[in-house]
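As provided, model.cif (mmCIF, C-alpha atoms and all ligand atoms) reads as follows.
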```cif
data_protein
loop_
_atom_site.label_atom_id
_atom_site.label_comp_id
_atom_site.auth_asym_id
_atom_site.auth_seq_id
_atom_site.Cartn_x
_atom_site.Cartn_y
_atom_site.Cartn_z
CA MET A 1 -14.85 0.05 20.72
CA ASN A 2 -16.90 -1.90 23.23
CA GLY A 3 -16.46 -5.20 25.02
CA GLY A 4 -12.72 -5.58 24.34
CA THR A 5 -10.28 -6.40 27.14
CA GLN A 6 -6.59 -5.49 27.48
CA THR A 7 -5.82 -9.03 26.35
CA ASP A 8 -7.95 -8.48 23.25
CA LEU A 9 -5.96 -5.36 22.41
CA ARG A 10 -2.68 -7.26 22.77
CA TYR A 11 -3.71 -10.14 20.51
CA MET A 12 -5.32 -7.84 17.97
CA ALA A 13 -2.11 -5.80 17.78
CA ALA A 14 -0.27 -9.06 17.06
CA ALA A 15 -2.83 -10.01 14.39
CA ILE A 16 -2.35 -6.60 12.74
CA ARG A 17 1.43 -7.10 12.71
CA HIS A 18 0.95 -10.57 11.22
CA ALA A 19 -1.27 -9.13 8.46
CA ARG A 20 1.58 -6.87 7.31
CA MET A 21 3.48 -9.93 6.12
CA ASN A 22 1.65 -10.09 2.80
CA LEU A 23 0.97 -6.38 2.25
CA GLY A 24 1.39 -5.65 -1.46
CA ARG A 25 1.10 -9.32 -2.45
CA THR A 26 -2.61 -10.06 -2.21
CA GLY A 27 -3.82 -8.33 -5.38
CA THR A 28 -7.23 -6.73 -4.99
CA ASN A 29 -7.79 -8.60 -1.75
CA PRO A 30 -6.73 -7.03 1.54
CA SER A 31 -3.92 -8.65 3.51
CA VAL A 32 -5.86 -9.82 6.57
CA GLY A 33 -4.39 -11.39 9.71
CA THR A 34 -6.01 -13.99 11.96
CA LEU A 35 -4.88 -15.44 15.28
CA LEU A 36 -6.67 -18.21 17.16
CA VAL A 37 -6.01 -18.12 20.90
CA ASN A 38 -6.97 -20.96 23.18
CA ASP A 39 -6.35 -20.74 26.91
CA GLY A 40 -3.76 -17.99 26.53
CA VAL A 41 -1.85 -19.80 23.78
CA ILE A 42 -1.75 -18.82 20.10
CA VAL A 43 -2.78 -22.08 18.43
CA GLY A 44 -3.24 -20.86 14.86
CA ARG A 45 -2.00 -18.00 12.69
CA GLY A 46 -3.11 -17.05 9.23
CA VAL A 47 -2.58 -14.29 6.71
CA THR A 48 -4.25 -13.84 3.32
CA ALA A 49 -2.16 -15.80 0.83
CA PRO A 50 -0.26 -14.13 -2.05
CA GLY A 51 -2.77 -13.54 -4.85
CA GLY A 52 -5.60 -13.12 -2.32
CA ARG A 53 -6.71 -16.71 -1.61
CA PRO A 54 -6.90 -18.68 0.61
CA HIS A 55 -8.13 -16.15 3.14
CA ALA A 56 -6.41 -15.65 6.49
CA GLU A 57 -8.93 -17.62 8.56
CA THR A 58 -8.35 -20.78 6.51
CA GLY A 59 -4.66 -20.93 7.43
CA ALA A 60 -5.26 -20.20 11.11
CA ILE A 61 -7.97 -22.89 11.40
CA ALA A 62 -5.79 -25.45 9.60
CA GLU A 63 -2.85 -24.73 11.90
CA ALA A 64 -4.96 -24.95 15.06
CA GLY A 65 -6.71 -28.20 14.11
CA GLU A 66 -8.81 -29.45 17.05
CA LEU A 67 -7.42 -26.64 19.24
CA ALA A 68 -9.61 -24.20 17.31
CA ARG A 69 -12.59 -25.53 19.29
CA GLY A 70 -13.42 -23.10 22.09
CA SER A 71 -10.79 -20.58 20.99
CA THR A 72 -11.05 -16.83 20.42
CA ALA A 73 -10.37 -15.66 16.87
CA TYR A 74 -8.74 -12.26 16.30
CA VAL A 75 -9.38 -11.06 12.75
CA THR A 76 -8.23 -7.72 11.38
CA LEU A 77 -11.22 -7.56 8.97
CA GLU A 78 -14.75 -8.86 9.34
CA PRO A 79 -14.72 -12.52 8.16
CA CYS A 80 -16.23 -12.95 4.71
CA ALA A 81 -19.76 -14.19 4.10
CA HIS A 82 -19.54 -15.07 0.42
CA HIS A 83 -18.54 -18.22 -1.46
CA GLY A 84 -15.28 -17.97 -3.41
CA ARG A 85 -12.95 -20.86 -4.14
CA THR A 86 -13.66 -21.88 -0.52
CA PRO A 87 -16.77 -21.48 1.69
CA PRO A 88 -17.20 -18.21 3.62
CA CYS A 89 -14.71 -17.68 6.45
CA ALA A 90 -17.54 -16.84 8.87
CA ASN A 91 -18.96 -20.36 8.30
CA ALA A 92 -15.48 -21.90 8.58
CA LEU A 93 -15.07 -20.28 12.02
CA VAL A 94 -18.48 -21.67 13.08
CA THR A 95 -17.60 -25.19 11.84
CA ALA A 96 -14.23 -25.05 13.60
CA GLY A 97 -16.04 -24.46 16.91
CA VAL A 98 -14.55 -21.03 17.67
CA SER A 99 -16.46 -19.56 20.62
CA ARG A 100 -15.59 -15.88 20.36
CA VAL A 101 -14.57 -13.63 17.45
CA VAL A 102 -12.88 -10.27 17.91
CA ILE A 103 -12.92 -8.07 14.78
CA ALA A 104 -10.92 -4.89 14.09
CA ALA A 105 -12.25 -3.25 10.89
CA SER A 106 -15.56 -3.78 9.15
CA ASP A 107 -15.60 -4.67 5.45
CA PRO A 108 -17.20 -2.30 2.91
CA ASP A 109 -17.55 -5.17 0.39
CA PRO A 110 -21.35 -5.45 -0.02
CA ARG A 111 -21.04 -9.26 -0.13
CA VAL A 112 -19.62 -9.17 3.39
CA SER A 113 -20.55 -5.94 5.19
CA GLY A 114 -22.40 -6.92 8.39
CA LYS A 115 -23.22 -10.35 7.00
CA GLY A 116 -20.06 -12.03 8.30
CA ALA A 117 -20.73 -10.87 11.86
CA LYS A 118 -24.39 -11.96 11.55
CA ILE A 119 -23.46 -15.53 10.54
CA LEU A 120 -21.26 -15.75 13.64
CA ARG A 121 -23.85 -14.30 16.02
CA ASP A 122 -26.63 -16.48 14.59
CA ALA A 123 -24.45 -19.49 15.44
CA GLY A 124 -24.23 -18.34 19.07
CA ILE A 125 -20.69 -16.99 18.85
CA GLU A 126 -19.82 -13.89 20.86
CA VAL A 127 -18.66 -11.16 18.46
CA VAL A 128 -16.74 -8.03 19.49
CA GLU A 129 -16.21 -5.43 16.77
CA GLY A 130 -14.04 -2.33 16.33
CA ILE A 131 -11.05 -3.45 18.41
CA LEU A 132 -8.00 -1.45 17.18
CA ALA A 133 -9.98 -0.63 14.04
CA GLN A 134 -7.94 2.53 13.42
CA GLU A 135 -4.67 0.61 13.61
CA ALA A 136 -5.95 -2.17 11.35
CA VAL A 137 -7.09 0.35 8.75
CA GLU A 138 -3.43 1.42 8.23
CA GLY A 139 -2.69 -1.95 6.66
CA LEU A 140 -6.05 -2.16 4.90
CA SER A 141 -5.98 1.39 3.52
CA GLY A 142 -5.12 0.36 -0.06
CA TYR A 143 -7.99 -2.11 -0.15
CA LEU A 144 -10.40 0.32 1.53
CA THR A 145 -9.45 3.23 -0.77
CA ARG A 146 -9.88 1.13 -3.90
CA SER A 147 -13.22 -0.25 -2.61
CA LEU A 148 -14.60 3.16 -1.71
CA LYS A 149 -12.95 5.55 -4.22
CA LYS A 150 -12.36 3.11 -7.10
CA ARG A 151 -8.74 4.23 -7.33
CA PRO A 152 -5.54 3.23 -5.53
CA GLU A 153 -4.40 4.76 -2.28
CA VAL A 154 -1.69 7.29 -3.22
CA ILE A 155 1.30 7.52 -0.90
CA LEU A 156 3.62 10.41 -1.65
CA LYS A 157 7.14 9.78 -0.38
CA LEU A 158 9.55 12.69 -0.21
CA ALA A 159 13.04 12.96 1.25
CA ILE A 160 14.14 16.50 1.99
CA SER A 161 17.46 17.96 3.07
CA ALA A 162 17.94 20.34 5.96
CA ASP A 163 17.80 23.22 3.44
CA GLY A 164 14.46 22.01 2.06
CA MET A 165 15.69 20.37 -1.16
CA ILE A 166 14.82 17.04 -2.76
CA GLY A 167 17.79 16.93 -5.17
CA ARG A 168 20.16 19.01 -7.26
CA LEU A 169 19.63 20.08 -10.88
CA GLY A 170 21.70 18.04 -13.31
CA ALA A 171 23.30 15.97 -10.55
CA GLY A 172 21.33 12.74 -10.98
CA GLN A 173 20.51 10.90 -7.77
CA VAL A 174 21.66 12.84 -4.70
CA ALA A 175 21.91 11.05 -1.36
CA ILE A 176 19.70 12.90 1.09
CA THR A 177 18.72 10.30 3.67
CA GLY A 178 20.93 7.58 5.09
CA GLU A 179 21.07 3.83 4.65
CA ILE A 180 18.39 2.91 7.21
CA ALA A 181 15.84 5.27 5.67
CA ARG A 182 16.75 3.93 2.22
CA ARG A 183 15.96 0.42 3.42
CA MET A 184 12.66 1.58 4.88
CA VAL A 185 11.74 3.04 1.50
CA HIS A 186 12.51 -0.31 -0.12
CA ILE A 187 10.17 -2.00 2.40
CA MET A 188 7.50 0.54 1.43
CA ARG A 189 8.08 -0.42 -2.23
CA ALA A 190 7.70 -4.11 -1.36
CA GLN A 191 4.39 -3.35 0.34
CA SER A 192 3.00 -1.35 -2.61
CA ASP A 193 1.31 -2.67 -5.73
CA ALA A 194 2.88 0.00 -7.90
CA ILE A 195 5.32 2.90 -7.80
CA MET A 196 5.05 5.97 -10.01
CA VAL A 197 7.47 8.71 -11.07
CA GLY A 198 7.46 11.45 -13.71
CA THR A 199 9.52 11.10 -16.85
CA GLY A 200 11.81 13.94 -15.67
CA THR A 201 12.97 11.71 -12.81
CA VAL A 202 13.74 8.91 -15.26
CA GLU A 203 15.82 11.29 -17.40
CA ALA A 204 17.66 12.83 -14.46
CA ASP A 205 18.23 9.76 -12.25
CA ASP A 206 17.90 6.67 -14.49
CA PRO A 207 16.37 4.87 -11.49
CA GLU A 208 15.38 1.21 -11.17
CA LEU A 209 12.56 1.67 -8.64
CA THR A 210 12.81 -1.96 -7.56
CA CYS A 211 12.98 -3.44 -4.08
CA ARG A 212 16.60 -4.47 -3.59
CA LEU A 213 16.53 -5.78 -0.03
CA ALA A 214 17.99 -9.27 0.34
CA GLY A 215 15.14 -11.79 0.21
CA LEU A 216 12.56 -9.26 -0.97
CA GLU A 217 13.76 -8.80 -4.55
CA LYS A 218 10.71 -10.60 -5.91
CA ARG A 219 8.44 -8.07 -4.22
CA SER A 220 9.23 -5.12 -6.47
CA PRO A 221 6.11 -3.14 -7.41
CA ILE A 222 4.90 -2.48 -10.96
CA ARG A 223 6.77 0.61 -12.14
CA ILE A 224 4.64 3.32 -13.71
CA ILE A 225 6.08 6.31 -15.55
CA LEU A 226 4.07 9.45 -16.22
CA ASP A 227 5.29 10.13 -19.73
CA GLY A 228 2.64 11.66 -21.98
CA LYS A 229 5.01 12.23 -24.90
CA LEU A 230 6.87 8.92 -24.44
CA ARG A 231 10.20 10.65 -23.87
CA MET A 232 11.58 7.77 -21.84
CA SER A 233 14.65 6.14 -23.38
CA SER A 234 14.27 2.53 -24.44
CA THR A 235 17.80 2.00 -23.13
CA SER A 236 17.08 3.32 -19.61
CA LYS A 237 17.53 0.95 -16.65
CA LEU A 238 13.75 0.83 -16.32
CA ALA A 239 13.25 -0.31 -19.91
CA ALA A 240 16.18 -2.73 -19.68
CA THR A 241 14.62 -4.46 -16.67
CA ALA A 242 11.03 -4.37 -17.99
CA PRO A 243 10.96 -8.07 -18.91
CA ASP A 244 11.63 -8.92 -15.22
CA VAL A 245 9.68 -6.24 -13.34
CA PRO A 246 6.76 -4.70 -15.26
CA VAL A 247 7.03 -1.14 -16.55
CA TRP A 248 3.81 0.63 -17.49
CA ILE A 249 4.13 3.97 -19.26
CA ALA A 250 1.23 6.39 -18.95
CA GLY A 251 1.34 8.02 -22.40
CA LEU A 252 -0.93 9.97 -24.72
CA ALA A 253 -2.37 8.70 -28.00
CA SER A 254 -0.70 11.70 -29.72
CA ALA A 255 2.82 10.49 -28.78
CA ASP A 256 5.31 9.49 -31.48
CA ALA A 257 4.50 6.03 -32.90
CA GLY A 258 8.18 5.15 -33.37
CA LYS A 259 8.97 5.83 -29.69
CA ARG A 260 5.96 3.78 -28.71
CA ALA A 261 7.14 0.84 -30.81
CA ALA A 262 10.68 1.02 -29.35
CA LEU A 263 9.42 1.03 -25.76
CA GLU A 264 6.99 -1.79 -26.47
CA ALA A 265 9.78 -3.79 -28.11
CA ALA A 266 11.80 -3.35 -24.90
CA GLY A 267 8.94 -4.95 -22.97
CA CYS A 268 7.19 -1.85 -21.58
CA ARG A 269 3.42 -1.64 -21.58
CA ILE A 270 1.98 1.65 -22.86
CA LEU A 271 -1.25 2.85 -21.24
CA SER A 272 -3.26 5.15 -23.51
CA CYS A 273 -4.31 7.97 -21.23
CA GLU A 274 -6.76 10.81 -21.42
CA GLU A 275 -5.26 14.22 -22.10
CA HIS A 276 -5.56 17.26 -19.87
CA PHE A 277 -3.94 20.42 -21.31
CA GLY A 278 -1.27 18.41 -23.11
CA THR A 279 -0.43 16.12 -20.18
CA VAL A 280 -1.80 12.88 -18.78
CA ALA A 281 -5.11 13.38 -16.93
CA LEU A 282 -4.30 12.16 -13.42
CA PRO A 283 -7.74 11.37 -11.94
CA GLU A 284 -8.63 9.28 -15.00
CA LEU A 285 -5.25 7.52 -14.89
CA LEU A 286 -5.82 6.60 -11.24
CA ASP A 287 -9.32 5.33 -12.06
CA ASP A 288 -7.76 3.12 -14.74
CA LEU A 289 -5.12 1.84 -12.33
CA GLY A 290 -7.87 1.00 -9.82
CA ALA A 291 -9.69 -0.92 -12.55
CA GLU A 292 -6.41 -2.75 -13.27
CA GLY A 293 -6.42 -3.96 -9.65
CA ILE A 294 -3.82 -1.56 -8.25
CA SER A 295 -4.76 -0.79 -4.62
CA SER A 296 -1.66 1.03 -3.43
CA LEU A 297 0.49 3.42 -5.42
CA MET A 298 3.67 4.95 -4.10
CA LEU A 299 4.71 8.23 -5.66
CA GLU A 300 8.48 8.76 -5.59
CA GLY A 301 9.40 11.71 -7.74
CA GLY A 302 9.96 14.39 -8.64
CA ALA A 303 8.87 17.80 -7.42
CA GLU A 304 6.62 18.61 -10.37
CA THR A 305 4.81 15.26 -10.31
CA ALA A 306 4.32 15.58 -6.54
CA ARG A 307 2.95 19.10 -6.96
CA ASN A 308 0.52 18.06 -9.72
CA VAL A 309 -0.84 15.07 -7.83
CA LEU A 310 -1.20 17.16 -4.65
CA GLU A 311 -2.99 19.93 -6.55
CA GLU A 312 -5.49 17.41 -7.93
CA GLY A 313 -6.22 16.36 -4.32
CA LEU A 314 -5.21 12.79 -5.10
CA VAL A 315 -2.67 12.17 -2.31
CA ASP A 316 -3.92 10.11 0.65
CA ARG A 317 -0.72 9.82 2.71
CA ILE A 318 2.51 11.79 2.75
CA VAL A 319 5.62 10.06 4.06
CA LEU A 320 8.20 12.73 4.65
CA PHE A 321 11.81 11.91 5.47
CA THR A 322 13.92 14.82 6.67
CA SER A 323 17.70 14.64 6.93
CA SER A 324 20.46 16.84 8.25
CA ALA A 325 22.31 16.83 4.89
CA LEU A 326 22.63 20.08 2.93
CA VAL A 327 22.17 20.24 -0.84
CA GLY A 328 23.17 23.88 -1.35
CA THR A 329 23.39 25.64 -4.72
CA GLY A 330 21.39 24.21 -7.61
CA GLY A 331 18.98 22.54 -5.21
CA ILE A 332 15.47 21.50 -6.31
CA ALA A 333 13.01 22.84 -3.76
CA SER A 334 10.59 20.45 -2.10
CA PRO A 335 6.91 21.21 -2.72
CA LEU A 336 6.33 20.94 1.04
CA ASP A 337 8.03 20.63 4.42
CA PRO A 338 6.78 20.05 7.99
CA ALA A 339 6.07 23.77 8.42
CA HIS A 340 4.21 24.01 5.11
CA MET A 341 1.97 20.99 4.70
CA PRO A 342 -1.00 21.03 2.31
CA ASP A 343 -4.34 21.77 3.96
CA GLY A 344 -6.10 18.88 5.64
CA PHE A 345 -3.08 16.65 6.31
CA VAL A 346 -2.53 15.59 9.92
CA LEU A 347 0.57 14.05 11.46
CA VAL A 348 -0.10 10.43 12.44
CA ARG A 349 3.35 8.92 12.92
CA GLU A 350 6.86 10.05 13.77
CA GLU A 351 9.90 7.74 13.76
CA THR A 352 13.67 8.04 13.49
CA TYR A 353 15.79 6.03 11.10
CA GLY A 354 19.40 6.61 11.99
CA SER A 355 19.86 10.36 11.76
CA ASP A 356 16.75 10.83 9.59
CA LEU A 357 13.25 11.57 10.77
CA ARG A 358 10.15 10.08 9.17
CA ARG A 359 6.79 11.78 9.55
CA ASP A 360 3.54 10.39 8.10
CA TYR A 361 0.59 12.64 7.39
CA VAL A 362 -2.84 11.48 6.25
CA LYS A 363 -5.80 13.38 4.87
CA ALA A 364 -8.09 14.02 7.78
C1 LIG A 401 -11.67 -12.77 4.76
N1 LIG A 401 -10.40 -13.11 5.00
O1 LIG A 401 -8.22 -13.06 4.51
C2 LIG A 401 -9.64 -11.74 3.22
C3 LIG A 401 -11.00 -11.34 2.99
O2 LIG A 401 -12.23 -12.66 -4.36
P1 LIG A 401 -12.49 -13.32 -3.04
O3 LIG A 401 -13.54 -14.39 -3.11
O4 LIG A 401 -11.23 -13.79 -2.37
O5 LIG A 401 -13.13 -12.23 -2.10
C4 LIG A 401 -12.53 -10.99 -1.90
C5 LIG A 401 -13.19 -10.34 -0.71
O6 LIG A 401 -12.92 -11.10 0.45
C6 LIG A 401 -12.63 -8.96 -0.40
O7 LIG A 401 -13.32 -7.97 -1.11
C7 LIG A 401 -12.90 -8.86 1.08
O8 LIG A 401 -14.26 -8.55 1.28
C8 LIG A 401 -12.67 -10.27 1.56
N2 LIG A 401 -11.30 -10.45 2.01
N3 LIG A 401 -11.94 -11.85 3.80
O9 LIG A 401 -12.58 -13.29 5.40
C9 LIG A 401 -9.37 -12.66 4.27
N4 LIG A 401 -8.63 -11.27 2.44
ZN ZN A 402 -12.88 -15.26 3.78
#
```
Structure translated into structure tokens:
Amino acid sequence: MNGGTQTDLRYMAAAIRHARMNLGRTGTNPSVGTLLVNDGVIVGRGVTAPGGRPHAETGAIAEAGELARGSTAYVTLEPCAHHGRTPPCANALVTAGVSRVVIAASDPDPRVSGKGAKILRDAGIEVVEGILAQEAVEGLSGYLTRSLKKRPEVILKLAISADGMIGRLGAGQVAITGEIARRMVHIMRAQSDAIMVGTGTVEADDPELTCRLAGLEKRSPIRIILDGKLRMSSTSKLAATAPDVPVWIAGLASADAGKRAALEAAGCRILSCEEHFGTVALPELLDDLGAEGISSLMLEGGAETARNVLEEGLVDRIVLFTSSALVGTGGIASPLDPAHMPDGFVLVREETYGSDLRRDYVKA
């Protein structure tokens, strides 16, 4: 970082918070935040619209009107330099008469990278880059992962009891964390493009995997089931709700044609996956999901799926909730705990939700 003031940090932090509003709703586009500040007053706010357009800058400039002239723009990602349905945002900032632009993260998109900042500088605008870049990247990580690795960012969420368990055999869904943590998980679902579980979890728990927070019901992610043999019941809650919230089943071509037809009739979409020793090949599946426009994928269960995805080195972030509850006999052991984290993961965040603790680890 260079050239940023304390005031810049404060406004950029606010722009990053604003950007979170549309996380999980902007398709293959990142959810970017923009604030226009004139004489110490926020005169315009913008966030990338659902679906990805219009871009954040457009909304902020429209809200500010004439007050954009002479203002400082805080943008969480370098303003774009390419023509889409609207002219480039860098040019829009120039036309609006903005006098200074503070940028958090740079954009790997070759149509933009470095070019947005150049348009601004060539127009005589002062540009400061890299302000709170690390913090902005948290909200842009799905977009950045898909841009750079051509697959979604994979977030493994696990809730473990005080005795290191994630559930109990044959007991269906077992409450491990409390209500506040449960709500946080539903917010995480709302902010993800897709959620994935193994077919064992569907059989054991009959989950819905939707976001059921008041007002956010429409923000449920696409539900993906790892189910090579298409074991999933066409009368499960997932299949029953497939016409409302998409269900994609990652299956193998060798699976039973009758089961395939029943699941398709229920409204599920079957993805034909590559096979790896009789199961779905995970790296190839993730490549396909990236190509389908999925930027963020939350992984919610169970132990075997978590272990497989970890072993393939495909997890980018681990969100670990730990509770004081005990599961006891018949418990299903967690593949990891704070004292036994997979190599290369570093703790980046620690928060409490009621009596539960949340720790986030990312691949260094
Ligand atoms: C901005 N502001 O709010 C966002 C940007 O498909 P398009 O034309 O919308 O372009 C997508 C690219 O635009 C995306 O890859 C990224 O480089 C940029 N996203 N840029 O100036 C925004 N969301
Ligand atoms: Zn733009």
Selection within 12 Å of ligand ZN 402 (chain A) by only C-alpha atoms and all ligand atoms, output as number ranges by chain: A: 29-34, 46-49, 52-61, 75-93, 107, 109, 111-112, 115-116
Write out, as a Markdown table, each residue of stretch 100-205 of chain A that has an atom at most 7 Å from stretch 308-331 of chain A, together with the closest pair of atoms and their distance in Å to one decimal, counting all atoms listed in the file, rows going by chain and rising number.
```
| residue | atom | partner | partner_atom | distance |
| --- | --- | --- | --- | --- |
| A:Glu153 | CA | A:Asp316 | CA | 6.1 |
| A:Val154 | CA | A:Val315 | CA | 5.1 |
| A:Ile155 | CA | A:Arg317 | CA | 4.7 |
| A:Leu156 | CA | A:Ile318 | CA | 4.7 |
| A:Lys157 | CA | A:Val319 | CA | 4.7 |
| A:Leu158 | CA | A:Leu320 | CA | 5.0 |
| A:Ala159 | CA | A:Phe321 | CA | 4.5 |
| A:Ile160 | CA | A:Thr322 | CA | 5.0 |
| A:Ser161 | CA | A:Ser323 | CA | 5.1 |
| A:Ala162 | CA | A:Ser324 | CA | 4.9 |
| A:Asp163 | CA | A:Leu326 | CA | 5.8 |
| A:Met165 | CA | A:Gly331 | CA | 5.7 |
| A:Gly167 | CA | A:Gly331 | CA | 5.7 |
| A:Arg168 | CA | A:Gly331 | CA | 4.2 |
| A:Leu169 | CA | A:Gly330 | CA | 5.6 |
| A:Ile176 | CA | A:Ala325 | CA | 6.1 |
| A:Thr177 | CA | A:Ser323 | CA | 5.5 |
```
Starting from 6 Å padding per side, set up an axis-aligned box that covers all listed atoms of ligand LIG 401 (chain A) and hand over centre and edge lengths in Å, one decimal, as AutoDock Vina command-line options.
```
--center_x -11.2 --center_y -11.2 --center_z 0.5 --size_x 18.0 --size_y 18.4 --size_z 21.8
```
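The interatomic distance for the pair atom C2 of ligand LIG 401 (chain A) and atom CA of A:Asp244 works out to 28.3 Å.
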Nearest residue to ligand LIG 401 (chain A) from the set A:Thr95, A:Thr241, A:Thr5, A:Ser113 (distances using only C-alpha atoms and all ligand atoms):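 Between A:Thr95, A:Thr241, A:Thr5, A:Ser113, the residue approaching ligand LIG 401 (chain A) most closely is A:Ser113.
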Point (-2.0, -26.4, 17.5) neighbourhood (12 Å, all atoms listed in the file) written as a ChimeraX atom specification: /A:35-39,41-45,59-69,71
Separation of atom CA of A:Glu203 from atom CA of A:Ala253 in Å: 21.2 Å
Atom-to-atom span, atom C1 of ligand LIG 401 (chain A) and atom CA of A:Ile187, Å: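 Straight-line distance from atom C1 of ligand LIG 401 (chain A) to atom CA of A:Ile187 works out to 24.5 Å.
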Contacts of A:Gly200 within 12 Å, only C-alpha atoms, excl. fewer than 5 positions in-chain, as an MDAnalysis selection string: chainID A and resid 169:170 172 205:207 225:233 300:306
Within 10 Å of A:Glu275 using all atoms listed in the file, minus same-chain residues under 4 positions, as a list in words: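 After dropping sequence-adjacent residues, the list is Gly228, Gly251, Leu252, Ala253, Ser254, Thr279, Val280, Ala281, Leu282, Glu284 and Leu285 of chain A.
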Could the residues in this selection be saved with C-alpha atoms as a PDB file, in the coordinates of the input?
```pdb
ATOM      1  CA  GLY A 228       2.640  11.660 -21.980  1.00  0.00           C
ATOM      2  CA  GLY A 251       1.340   8.020 -22.400  1.00  0.00           C
ATOM      3  CA  LEU A 252      -0.930   9.970 -24.720  1.00  0.00           C
ATOM      4  CA  ALA A 253      -2.370   8.700 -28.000  1.00  0.00           C
ATOM      5  CA  SER A 254      -0.700  11.700 -29.720  1.00  0.00           C
ATOM      6  CA  THR A 279      -0.430  16.120 -20.180  1.00  0.00           C
ATOM      7  CA  VAL A 280      -1.800  12.880 -18.780  1.00  0.00           C
ATOM      8  CA  ALA A 281      -5.110  13.380 -16.930  1.00  0.00           C
ATOM      9  CA  LEU A 282      -4.300  12.160 -13.420  1.00  0.00           C
ATOM     10  CA  GLU A 284      -8.630   9.280 -15.000  1.00  0.00           C
ATOM     11  CA  LEU A 285      -5.250   7.520 -14.890  1.00  0.00           C
TER      12      LEU A 285
END
```
Write out as a PDB file with C-alpha atoms, keeping the file's coordinate frame the residues lying within 12 Å of A:Ala261, counting only C-alpha atoms and excluding same-chain residues fewer than 4 positions away.
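As written to disk, around_9.pdb reads:
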```pdb
ATOM      1  CA  LEU A 230       6.870   8.920 -24.440  1.00  0.00           C
ATOM      2  CA  SER A 233      14.650   6.140 -23.380  1.00  0.00           C
ATOM      3  CA  SER A 234      14.270   2.530 -24.440  1.00  0.00           C
ATOM      4  CA  ALA A 255       2.820  10.490 -28.780  1.00  0.00           C
ATOM      5  CA  ASP A 256       5.310   9.490 -31.480  1.00  0.00           C
ATOM      6  CA  ALA A 257       4.500   6.030 -32.900  1.00  0.00           C
ATOM      7  CA  ALA A 265       9.780  -3.790 -28.110  1.00  0.00           C
ATOM      8  CA  ALA A 266      11.800  -3.350 -24.900  1.00  0.00           C
ATOM      9  CA  GLY A 267       8.940  -4.950 -22.970  1.00  0.00           C
ATOM     10  CA  CYS A 268       7.190  -1.850 -21.580  1.00  0.00           C
ATOM     11  CA  ARG A 269       3.420  -1.640 -21.580  1.00  0.00           C
ATOM     12  CA  ILE A 270       1.980   1.650 -22.860  1.00  0.00           C
TER      13      ILE A 270
END
```
Selection as a PyMOL selection string: residues within 8 Å of (-16.9, -16.7, 20.7), counting only C-alpha atoms: chain A and resi 70-73+98-101+124-127
Residue nearest ligand LIG 401 (chain A) among A:Gly40, A:Pro335, A:Gly130, A:Gly114 (counting all atoms listed in the file):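 The closest residue to ligand LIG 401 (chain A) is A:Gly114.
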Residue nearest A:Arg182 - candidates A:Lys149, A:Arg358, A:Arg307, A:Arg223, atoms counted: all atoms listed in the file: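 Comparing A:Lys149, A:Arg358, A:Arg307, A:Arg223 against A:Arg182, the winner is A:Arg358.
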Shortest interatomic distance to ligand LIG 401 (chain A) - which of A:Tyr361, A:Tyr143, A:Tyr74, A:Tyr11, counting all atoms listed in the file: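 Among the listed residues, the smallest separation from ligand LIG 401 (chain A) belongs to A:Tyr143.
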Residue nearest ligand LIG 401 (chain A) - candidates A:Ala96, A:Leu148, A:Met298, A:Leu289, atoms counted: all atoms listed in the file: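 Of A:Ala96, A:Leu148, A:Met298, A:Leu289, the one nearest ligand LIG 401 (chain A) is A:Leu148, counting all atoms listed in the file.
Here the question is which of A:Ala14, A:Ile294, A:Ile119, A:Leu144 gets nearest to ligand LIG 401 (chain A) using all atoms listed in the file, and that residue is A:Leu144.
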